[in-house]
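The file target_7.txt comes next; it holds compact mmCIF, C-alpha atoms.
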```txt
# COMPACT_ATOMS: atom_id res chain seq x y z
CA ASN T 1 20.30 8.07 -7.33
CA ARG T 2 19.78 5.82 -4.30
CA LYS T 3 19.88 8.64 -1.74
CA ILE T 4 17.35 10.78 -3.61
CA TYR T 5 15.05 7.78 -4.02
CA SER T 6 15.08 6.85 -0.34
CA ASP T 7 14.56 10.48 0.72
CA THR T 8 11.63 10.84 -1.69
CA LEU T 9 9.87 7.75 -0.34
CA TRP T 10 10.48 8.66 3.28
CA GLU T 11 9.26 12.23 2.82
CA LEU T 12 6.16 11.40 0.78
CA ALA T 13 5.10 8.64 3.16
CA ALA T 14 5.48 10.88 6.20
CA ALA T 15 4.62 14.38 4.95
CA GLU T 16 0.83 14.29 5.33
CA VAL T 17 1.05 12.35 8.58
CA GLN T 18 3.37 14.96 10.04
CA GLY T 19 1.02 17.70 8.87
CA ARG T 20 -1.86 16.15 10.81
CA GLU T 21 0.10 15.94 14.05
CA GLU T 22 0.11 18.66 16.64
CA ASP T 23 3.24 20.75 16.77
CA GLY T 24 5.57 18.92 19.09
CA GLY T 25 8.57 21.23 18.78
CA ASP T 26 11.77 19.24 18.61
CA ALA T 27 10.25 16.15 20.18
CA ALA T 28 10.74 12.93 18.25
CA SER T 29 7.64 11.39 16.67
CA GLU T 30 6.64 7.88 15.71
CA ARG T 31 4.89 6.91 12.48
CA THR T 32 3.65 3.67 11.00
CA VAL T 33 4.17 2.93 7.30
CA PHE T 34 2.41 -0.07 5.75
CA LEU T 35 3.70 -1.46 2.42
CA LEU T 36 1.49 -3.79 0.40
CA GLY T 37 0.86 -4.53 -3.25
CA SER T 38 1.60 -6.91 -6.11
CA LYS T 39 3.13 -10.28 -5.31
CA ALA T 40 6.89 -10.18 -6.00
CA GLY T 41 6.43 -6.55 -7.04
CA GLY T 42 9.56 -5.18 -5.40
CA LYS T 43 8.19 -4.05 -2.02
CA THR T 44 11.16 -5.39 -0.05
CA SER T 45 13.65 -3.70 -2.39
CA ILE T 46 11.83 -0.38 -1.92
CA LEU T 47 11.82 -0.84 1.85
CA LEU T 48 15.56 -1.58 1.91
CA ARG T 49 16.26 1.54 -0.16
CA CYS T 50 14.17 3.63 2.20
CA LEU T 51 16.26 2.32 5.10
CA ASP T 52 19.55 2.77 3.19
CA ARG T 53 20.31 -0.92 3.64
CA ASP T 54 22.59 -2.41 1.02
CA GLU T 55 21.55 -6.05 1.14
CA PRO T 56 19.79 -8.48 -1.21
CA PRO T 57 16.01 -8.69 -0.69
CA LYS T 58 14.54 -11.93 0.64
CA PRO T 59 11.02 -13.28 0.07
CA THR T 60 8.55 -11.78 2.52
CA LEU T 61 6.95 -14.30 4.86
CA ALA T 62 3.31 -13.25 5.12
CA LEU T 63 3.64 -10.11 7.26
CA GLU T 64 6.98 -8.71 8.41
CA TYR T 65 7.95 -5.82 10.69
CA THR T 66 11.02 -3.66 10.96
CA TYR T 67 11.73 -0.08 11.99
CA GLY T 68 13.92 2.83 11.01
CA ARG T 69 15.21 6.02 12.64
CA ARG T 70 16.00 9.31 10.96
CA ALA T 71 16.91 12.71 12.42
CA ARG T 72 15.22 15.84 11.11
CA GLY T 73 18.42 17.82 11.48
CA HIS T 74 21.65 18.20 13.39
CA ASN T 75 21.39 17.50 17.14
CA THR T 76 17.66 16.76 16.97
CA PRO T 77 15.82 13.67 18.24
CA LYS T 78 15.37 10.90 15.69
CA ASP T 79 11.92 10.16 14.35
CA ILE T 80 10.93 6.50 14.41
CA ALA T 81 9.12 4.73 11.57
CA HIS T 82 7.43 1.40 12.24
CA LEU T 83 7.52 -0.40 8.89
CA TRP T 84 5.19 -3.27 8.03
CA GLU T 85 5.31 -5.24 4.78
CA LEU T 86 2.61 -7.61 3.53
CA GLY T 87 3.74 -10.37 1.18
CA GLY T 88 1.72 -12.57 -1.14
CA GLY T 89 -0.21 -9.91 -3.05
CA ILE T 90 -3.96 -10.30 -2.45
CA SER T 91 -3.66 -13.86 -1.18
CA LEU T 92 -2.84 -12.78 2.39
CA SER T 93 -5.18 -9.78 2.56
CA ASP T 94 -6.70 -11.18 5.76
CA LEU T 95 -3.52 -10.04 7.54
CA ILE T 96 -4.06 -6.38 6.62
CA GLN T 97 -5.92 -5.82 9.89
CA ILE T 98 -2.84 -6.56 12.03
CA PRO T 99 -0.76 -3.38 11.50
CA ILE T 100 -3.82 -1.09 11.54
CA THR T 101 -4.89 -0.30 15.09
CA ALA T 102 -6.72 2.40 16.99
CA LEU T 103 -3.41 3.31 18.64
CA ASN T 104 -1.49 4.05 15.43
CA ILE T 105 -4.25 5.19 13.07
CA LYS T 106 -3.39 8.87 13.54
CA SER T 107 0.19 8.30 12.39
CA LEU T 108 -0.45 5.71 9.66
CA ALA T 109 0.56 6.03 5.99
CA VAL T 110 0.06 3.38 3.30
CA ILE T 111 2.33 2.58 0.34
CA LEU T 112 0.76 0.55 -2.46
CA VAL T 113 3.29 -1.04 -4.86
CA LEU T 114 1.90 -2.14 -8.24
CA ASP T 115 3.87 -4.29 -10.69
CA LEU T 116 3.71 -2.48 -14.05
CA SER T 117 5.08 -5.52 -15.86
CA LYS T 118 1.81 -7.38 -15.14
CA PRO T 119 -0.93 -4.95 -16.20
CA ASN T 120 -3.62 -7.63 -16.35
CA ALA T 121 -3.35 -8.14 -12.59
CA LEU T 122 -2.90 -4.46 -11.73
CA TRP T 123 -6.49 -3.24 -11.35
CA GLY T 124 -7.69 -6.29 -9.43
CA THR T 125 -4.74 -6.14 -7.04
CA MET T 126 -5.17 -2.43 -6.45
CA GLU T 127 -8.94 -2.63 -5.93
CA ARG T 128 -8.81 -5.59 -3.55
CA LEU T 129 -5.99 -4.26 -1.36
CA LEU T 130 -7.27 -0.68 -1.16
CA GLN T 131 -10.84 -1.75 -0.34
CA THR T 132 -9.66 -4.12 2.38
CA THR T 133 -7.22 -1.60 3.82
CA GLN T 134 -9.83 1.17 3.81
CA ALA T 135 -12.34 -1.03 5.64
CA HIS T 136 -9.83 -1.77 8.42
CA VAL T 137 -8.72 1.87 8.63
CA GLU T 138 -12.32 3.00 9.06
CA LYS T 139 -12.87 0.32 11.70
CA ALA T 140 -9.76 1.44 13.62
CA CYS T 141 -10.91 5.07 13.41
CA SER T 142 -14.28 4.12 14.90
CA GLN T 143 -12.58 2.20 17.71
CA ALA T 144 -10.33 5.16 18.48
CA GLN T 145 -13.28 7.53 18.54
CA ARG T 146 -15.22 5.29 20.91
CA ALA T 147 -12.20 5.03 23.17
CA GLY T 148 -11.88 8.81 23.16
CA LYS T 149 -15.51 9.33 24.08
CA ALA T 150 -15.17 6.85 26.93
CA LYS T 151 -12.48 8.93 28.60
CA ALA T 152 -13.56 11.52 31.11
CA GLY T 153 -12.85 15.18 30.46
CA ALA T 154 -13.05 17.21 27.27
CA LYS T 155 -9.28 17.63 27.08
CA GLN T 156 -8.63 13.90 27.21
CA LYS T 157 -11.45 13.28 24.75
CA ALA T 158 -10.07 15.68 22.19
CA SER T 159 -6.57 14.27 22.34
CA SER T 160 -7.73 10.68 22.03
CA GLN T 161 -9.55 10.93 18.70
CA PRO T 162 -7.64 10.71 15.43
CA ALA T 163 -7.78 13.76 13.20
CA ALA T 164 -9.71 13.19 9.99
CA ARG T 165 -7.85 13.66 6.74
CA VAL T 166 -9.05 17.06 5.57
CA LEU T 167 -8.05 18.35 2.14
CA PRO T 168 -7.40 22.06 1.50
CA LYS T 169 -10.37 23.99 0.12
CA ASP T 170 -8.52 24.63 -3.14
CA TYR T 171 -7.59 20.96 -3.69
CA PRO T 172 -8.29 20.13 -7.37
CA ASP T 173 -11.67 18.39 -7.91
CA ARG T 174 -12.22 18.34 -4.15
CA GLU T 175 -15.96 17.64 -4.52
CA LEU T 176 -15.47 14.87 -7.08
CA ILE T 177 -12.83 12.67 -5.46
CA SER T 178 -12.88 10.15 -2.61
CA PRO T 179 -9.75 10.74 -0.49
CA PHE T 180 -8.24 7.66 1.09
CA PRO T 181 -8.71 7.99 4.87
CA VAL T 182 -4.95 8.00 5.55
CA PRO T 183 -2.05 9.31 3.41
CA LEU T 184 -1.51 7.02 0.42
CA LEU T 185 1.48 6.69 -1.90
CA ILE T 186 1.17 4.56 -5.07
CA ILE T 187 4.40 3.25 -6.58
CA GLY T 188 4.62 1.67 -10.02
CA SER T 189 7.47 -0.84 -9.98
CA LYS T 190 9.46 -2.67 -12.67
CA TYR T 191 9.54 0.31 -15.01
CA ASP T 192 12.51 -1.22 -16.82
CA ILE T 193 10.12 -3.83 -18.25
CA PHE T 194 7.15 -1.50 -18.61
CA GLN T 195 9.08 1.02 -20.71
CA GLU T 196 9.37 -1.59 -23.48
CA PHE T 197 5.56 -1.84 -23.78
CA ASP T 198 3.63 -0.59 -26.80
CA SER T 199 3.05 3.17 -26.57
CA GLU T 200 -0.75 2.90 -26.46
CA LYS T 201 -0.63 0.32 -23.67
CA LYS T 202 1.72 2.52 -21.67
CA LYS T 203 -0.74 5.37 -22.16
CA VAL T 204 -3.65 3.31 -20.80
CA VAL T 205 -1.71 2.16 -17.73
CA SER T 206 -0.20 5.57 -16.98
CA LYS T 207 -3.42 7.56 -17.36
CA THR T 208 -5.31 4.99 -15.31
CA LEU T 209 -2.77 5.24 -12.49
CA ARG T 210 -3.04 9.03 -12.64
CA PHE T 211 -6.83 8.81 -12.36
CA VAL T 212 -6.72 6.35 -9.45
CA ALA T 213 -4.09 8.38 -7.58
CA HIS T 214 -6.03 11.61 -8.00
CA TYR T 215 -9.34 9.93 -7.11
CA TYR T 216 -7.87 8.80 -3.77
CA ALA T 217 -5.88 12.04 -3.23
CA ALA T 218 -2.71 9.95 -3.32
CA SER T 219 0.82 10.62 -4.54
CA LEU T 220 2.11 8.62 -7.50
CA ILE T 221 5.68 7.58 -8.29
CA VAL T 222 6.87 5.48 -11.21
CA SER T 223 10.65 4.96 -11.20
CA THR T 224 12.79 7.79 -9.83
CA PRO T 225 12.41 11.12 -11.66
CA LEU T 226 13.47 14.20 -9.73
CA SER T 227 10.59 16.56 -10.57
CA LEU T 228 6.91 16.61 -11.54
CA SER T 229 6.35 14.40 -14.58
CA THR T 230 3.00 13.50 -16.22
CA ASP T 231 4.24 12.29 -19.64
CA TYR T 232 3.20 8.64 -20.03
CA ASN T 233 6.26 8.00 -22.20
CA LYS T 234 8.47 8.85 -19.22
CA PRO T 235 8.57 7.81 -15.54
CA LEU T 236 5.79 9.51 -13.58
CA ILE T 237 6.01 11.44 -10.33
CA ILE T 238 2.87 13.28 -9.26
CA PRO T 239 2.52 14.49 -5.65
CA ALA T 240 -0.99 14.49 -4.21
CA GLY T 241 -2.86 17.66 -5.17
CA SER T 242 -0.81 18.48 -8.26
CA ASP T 243 -3.02 16.66 -10.78
CA SER T 244 -6.64 17.14 -11.90
CA PHE T 245 -9.25 15.32 -13.93
CA SER T 246 -9.06 18.01 -16.61
CA GLN T 247 -5.32 17.43 -16.99
CA ILE T 248 -5.72 13.65 -16.98
CA GLY T 249 -8.45 13.76 -19.62
CA SER T 250 -10.86 10.99 -20.57
CA PRO T 251 -9.93 7.30 -20.58
CA PRO T 252 -7.95 6.20 -23.67
CA SER T 253 -10.77 4.58 -25.68
CA THR T 254 -8.89 2.69 -28.36
CA ASN T 255 -11.22 0.21 -30.10
CA VAL T 256 -13.99 0.65 -27.52
CA ASN T 257 -17.20 2.69 -27.55
CA ILE T 258 -17.35 4.33 -24.13
CA ASP T 259 -21.13 4.80 -24.36
CA SER T 260 -21.59 1.03 -24.67
CA LEU T 261 -19.85 0.33 -21.36
CA HIS T 262 -22.78 1.55 -19.18
CA ALA T 263 -20.50 2.75 -16.41
CA LYS T 264 -22.09 3.72 -13.09
CA ASN T 265 -19.54 6.42 -12.25
CA PRO T 266 -16.16 7.75 -13.49
CA LYS T 267 -14.15 5.19 -11.53
CA ASP T 268 -16.26 2.37 -12.96
CA LEU T 269 -15.71 3.79 -16.47
CA TRP T 270 -11.94 3.80 -16.03
CA GLU T 271 -12.04 0.24 -14.73
CA LYS T 272 -14.08 -0.97 -17.73
CA VAL T 273 -11.82 0.77 -20.26
CA TYR T 274 -8.69 -0.52 -18.53
CA GLU T 275 -9.96 -4.10 -18.39
CA HIS T 276 -11.00 -3.90 -22.04
CA VAL T 277 -7.30 -3.44 -22.85
CA PHE T 278 -5.96 -5.60 -20.01
CA PRO T 279 -8.55 -8.28 -19.06
CA SER T 280 -8.21 -9.14 -15.39
CA GLU T 281 -6.49 -12.34 -14.40
CA SER T 282 -8.43 -14.67 -12.14
CA PHE T 283 -7.45 -14.57 -8.50
CA SER T 284 -6.46 -18.23 -8.50
CA GLU T 285 -3.37 -17.36 -6.47
CA HIS T 286 -5.68 -16.67 -3.51
CA ARG T 287 -7.08 -20.19 -3.68
CA GLU T 288 -3.89 -21.98 -4.63
CA LEU T 289 -1.50 -20.34 -2.18
CA LYS T 290 0.70 -22.89 -0.51
CA ASP T 291 0.65 -22.97 3.26
CA PRO T 292 3.78 -20.98 4.27
CA ALA T 293 4.27 -23.46 7.11
CA ARG T 294 4.94 -26.12 4.49
CA ASP T 295 7.15 -24.01 2.23
CA PRO T 296 10.79 -25.28 2.39
CA GLN T 297 12.23 -21.76 2.14
CA TYR T 298 10.64 -20.93 5.52
CA SER T 299 11.73 -24.14 7.22
CA GLU T 300 12.33 -23.99 10.99
CA PRO T 301 12.88 -27.64 12.02
CA GLN T 302 12.32 -27.26 15.76
CA ILE T 303 9.28 -25.02 15.40
CA ASP T 304 7.84 -27.16 12.60
CA ALA T 305 8.20 -30.32 14.68
CA MET T 306 6.48 -28.78 17.71
CA ARG T 307 3.75 -27.31 15.53
CA ALA T 308 3.11 -30.65 13.84
CA GLN T 309 3.00 -32.47 17.19
CA LYS T 310 0.55 -29.97 18.64
CA ASP T 311 -1.61 -30.14 15.55
CA GLN T 312 -1.70 -33.95 15.73
CA VAL T 313 -2.99 -33.75 19.30
CA LYS T 314 -5.75 -31.25 18.41
CA HIS T 315 -6.67 -32.48 14.95
CA PRO T 316 -5.32 -36.01 14.41
CA GLN T 317 -7.27 -36.49 11.15
CA GLN T 318 -6.69 -33.05 9.61
CA PRO T 319 -3.68 -31.62 7.74
CA LEU T 320 -1.62 -28.85 9.25
CA ALA T 321 -3.58 -25.62 8.72
CA CYS T 322 -1.74 -23.11 10.84
CA THR T 323 0.69 -20.75 9.13
CA VAL T 324 3.78 -19.13 10.56
CA SER T 325 2.50 -15.64 9.81
CA TRP T 326 2.99 -14.50 13.39
CA TYR T 327 6.57 -15.69 13.74
CA SER T 328 7.85 -12.51 12.12
CA VAL T 329 5.66 -10.22 14.24
CA PRO T 330 6.92 -8.93 17.63
CA ALA T 331 5.27 -10.72 20.52
CA SER T 332 4.24 -7.39 22.06
CA LEU T 333 2.03 -6.71 19.05
CA HIS T 334 0.06 -9.96 19.13
CA HIS T 335 -3.63 -9.51 19.92
```
Please express what this file holds, its structure, as structure tokens.
Amino acid sequence: NRKIYSDTLWELAAAEVQGREEDGGDAASERTVFLLGSKAGGKTSILLRCLDRDEPPKPTLALEYTYGRRARGHNTPKDIAHLWELGGGISLSDLIQIPITALNIKSLAVILVLDLSKPNALWGTMERLLQTTQAHVEKACSQAQRAGKAKAGAKQKASSQPAARVLPKDYPDRELISPFPVPLLIIGSKYDIFQEFDSEKKKVVSKTLRFVAHYYAASLIVSTPLSLSTDYNKPLIIPAGSDSFSQIGSPPSTNVNIDSLHAKNPKDLWEKVYEHVFPSESFSEHRELKDPARDPQYSEPQIDAMRAQKDQVKHPQQPLACTVSWYSVPASLHH
């Protein structure tokens, strides 16, 4: 059901952010949602569904921005969502820093889309993007805190600093997990292909995703079920806080002696077991990525001609190295 799916995404991406905000009555609020994940993993399709736009998805050029409005109820101001989408999988991870700023960190939520049809690339993609995103989130938090301290007056200081993400005292395994610093939603895409996998492989992928989501205090959605579902033979939907390590159990250890893996911690153990079943692909796409400025599908004759002329003046002996990543970003947001 398209409407249910878009509502579920919108609500899960915004719920924890809204909970961290001060009560503003009926005043409209603004939030930032950042989608990233597997290359060609269906991020644009998910974004279009969230916005109730019935149009064919187009390839994402590096980093793209759009926005959406939605009213909380009848005759109430519309909330605004600033929506950023990173294309290229891990190959353009350097652009992650752009949507994450000290100004929006308090209202930021992240959606990580993982392509279930390519399990060998899943762990590496997830690890690289989450680590990079977390580093920039923590940097933005520090910048916001310094800015708050620089302002005179205790009242101004308190309102300038972003609220830390604090889990409830009864959150399952609260002392054992490492919550992502901002609300995180993990989506497993291409379930139509994944559901044809061997049962044991589906079990490894599904339990691993459950572990990762719970470890980061994230919500997990695979396909579009309408209620809590933890059965690996069916689409998963597990809101943050509704799972636990005891329910997830130990890593599926088919044909592997867990004691021989010499894992440093539980997360490292899950990674080793997962990659025993699905050996990681090399990140050659990061090295072999074509310059988007040279890609015919992004051709802009006038811009390309001016760019080439300018590049010839500055670097007459070097090939064109500048991408068009910024062309899809509003000028007001350029640093």
Hey, which of T:Val33, T:Glu200, T:Leu261, T:Ser206 ends up closest to Ile238 of chain T? Count all atoms listed in the file.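 Using all atoms listed in the file, the shortest distance to Ile238 of chain T belongs to T:Ser206.
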Selection: 12 Å around Ala121 of chain T, only C-alpha atoms, excl. self and same-chain fewer than 6 positions, as an NGL selection string: :T and (37-39 or 41 or 89-90 or 114-115 or 127-128 or 205 or 274-275 or 277-285)
If you count all atoms listed in the file, which residues fall within 12 Å of Asn255 of chain T, apart from same-chain ones fewer than 2 positions away, as an NGL selection string? :T and (200 or 251-253 or 257-258 or 260 or 273-274 or 276-277)
Using C-alpha atoms, can you write the selected residues to a file as a short mmCIF file (atom, residue, chain, number, x, y, z; two decimals), keeping the file's coordinate frame?
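Now in again-v4.cif:
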```cif
data_model
loop_
_atom_site.label_atom_id
_atom_site.label_comp_id
_atom_site.auth_asym_id
_atom_site.auth_seq_id
_atom_site.Cartn_x
_atom_site.Cartn_y
_atom_site.Cartn_z
CA GLU T 200 -0.75 2.90 -26.46
CA PRO T 251 -9.93 7.30 -20.58
CA PRO T 252 -7.95 6.20 -23.67
CA SER T 253 -10.77 4.58 -25.68
CA ASN T 257 -17.20 2.69 -27.55
CA ILE T 258 -17.35 4.33 -24.13
CA SER T 260 -21.59 1.03 -24.67
CA VAL T 273 -11.82 0.77 -20.26
CA TYR T 274 -8.69 -0.52 -18.53
CA HIS T 276 -11.00 -3.90 -22.04
CA VAL T 277 -7.30 -3.44 -22.85
#
```
Atom pair atom CA of Asp173 of chain T / atom CA of Ala135 of chain T: separation (Å):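 Straight-line distance from atom CA of Asp173 of chain T to atom CA of Ala135 of chain T works out to 23.7 Å.
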Separation of atom CA of Thr133 of chain T from atom CA of Ala213 of chain T in Å: 15.5 Å
Counting only C-alpha atoms, the option among T:Tyr232, T:Tyr191, T:Tyr216, T:Phe211 closest to Ser250 of chain T: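 The closest residue to Ser250 of chain T is T:Phe211.
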Please identify all polymer residues within 9 Å of His82 of chain T, counting all atoms listed in the file, omitting same-chain residues fewer than 2 positions from it, and present them as a VMD selection string. chain T and resid 30 to 34 65 to 68 80 84
Figure out the distance between atom CA of Leu112 of chain T and atom CA of Ile186 of chain T, please, to one decimal in Å.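 Calculated distance between atom CA of Ile186 of chain T and atom CA of Leu112 of chain T is 4.8 Å.
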From T:Leu116, T:Val256, T:Leu83, T:Leu92, residue lying nearest Ala62 of chain T [all atoms listed in the file]: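 Ranking T:Leu116, T:Val256, T:Leu83, T:Leu92 by distance to Ala62 of chain T, first place goes to T:Leu92.
The smallest atom-to-atom distance between Phe180 of chain T and any of T:Val204, T:Ile237, T:Leu108, T:Ala144, using all atoms listed in the file, is found for T:Leu108.
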Tell me, as a count of residues only, which residues lie within 10 Å of Pro56 of chain T, counting all atoms listed in the file; anything in the same chain fewer than 5 positions away does not count. 3
Check the smallest atom-to-atom distance from each of T:Gln131, T:Ala102, T:Arg165, T:Met126 to Gln145 of chain T using only C-alpha atoms, then report the winner.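 Looking at the shortest contact to Gln145 of chain T, the residue is T:Ala102.
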Spatial neighbours of Leu176 of chain T, max dist 12 Å, only C-alpha atoms, sep filter under 6 positions, as a list in words: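 The residues that qualify are Phe211, His214, Tyr215, Tyr216, Ala217, Ser244, Phe245, Ser246, Asn265, Pro266 and Lys267 of chain T.
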Just-selected residues, C-alpha atoms written as a CSV table (one decimal), keeping the file's coordinate frame:
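Once everything was written out, this is selection-v9.csv:
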```
chain,number,residue,atom,x,y,z
T,211,PHE,CA,-6.8,8.8,-12.4
T,214,HIS,CA,-6.0,11.6,-8.0
T,215,TYR,CA,-9.3,9.9,-7.1
T,216,TYR,CA,-7.9,8.8,-3.8
T,217,ALA,CA,-5.9,12.0,-3.2
T,244,SER,CA,-6.6,17.1,-11.9
T,245,PHE,CA,-9.2,15.3,-13.9
T,246,SER,CA,-9.1,18.0,-16.6
T,265,ASN,CA,-19.5,6.4,-12.2
T,266,PRO,CA,-16.2,7.8,-13.5
T,267,LYS,CA,-14.2,5.2,-11.5
```
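The nearest approach to Lys118 of chain T among the residues T:Gln97, T:Lys234, T:Phe194, T:Arg70, with all atoms listed in the file taken into account, belongs to T:Phe194.
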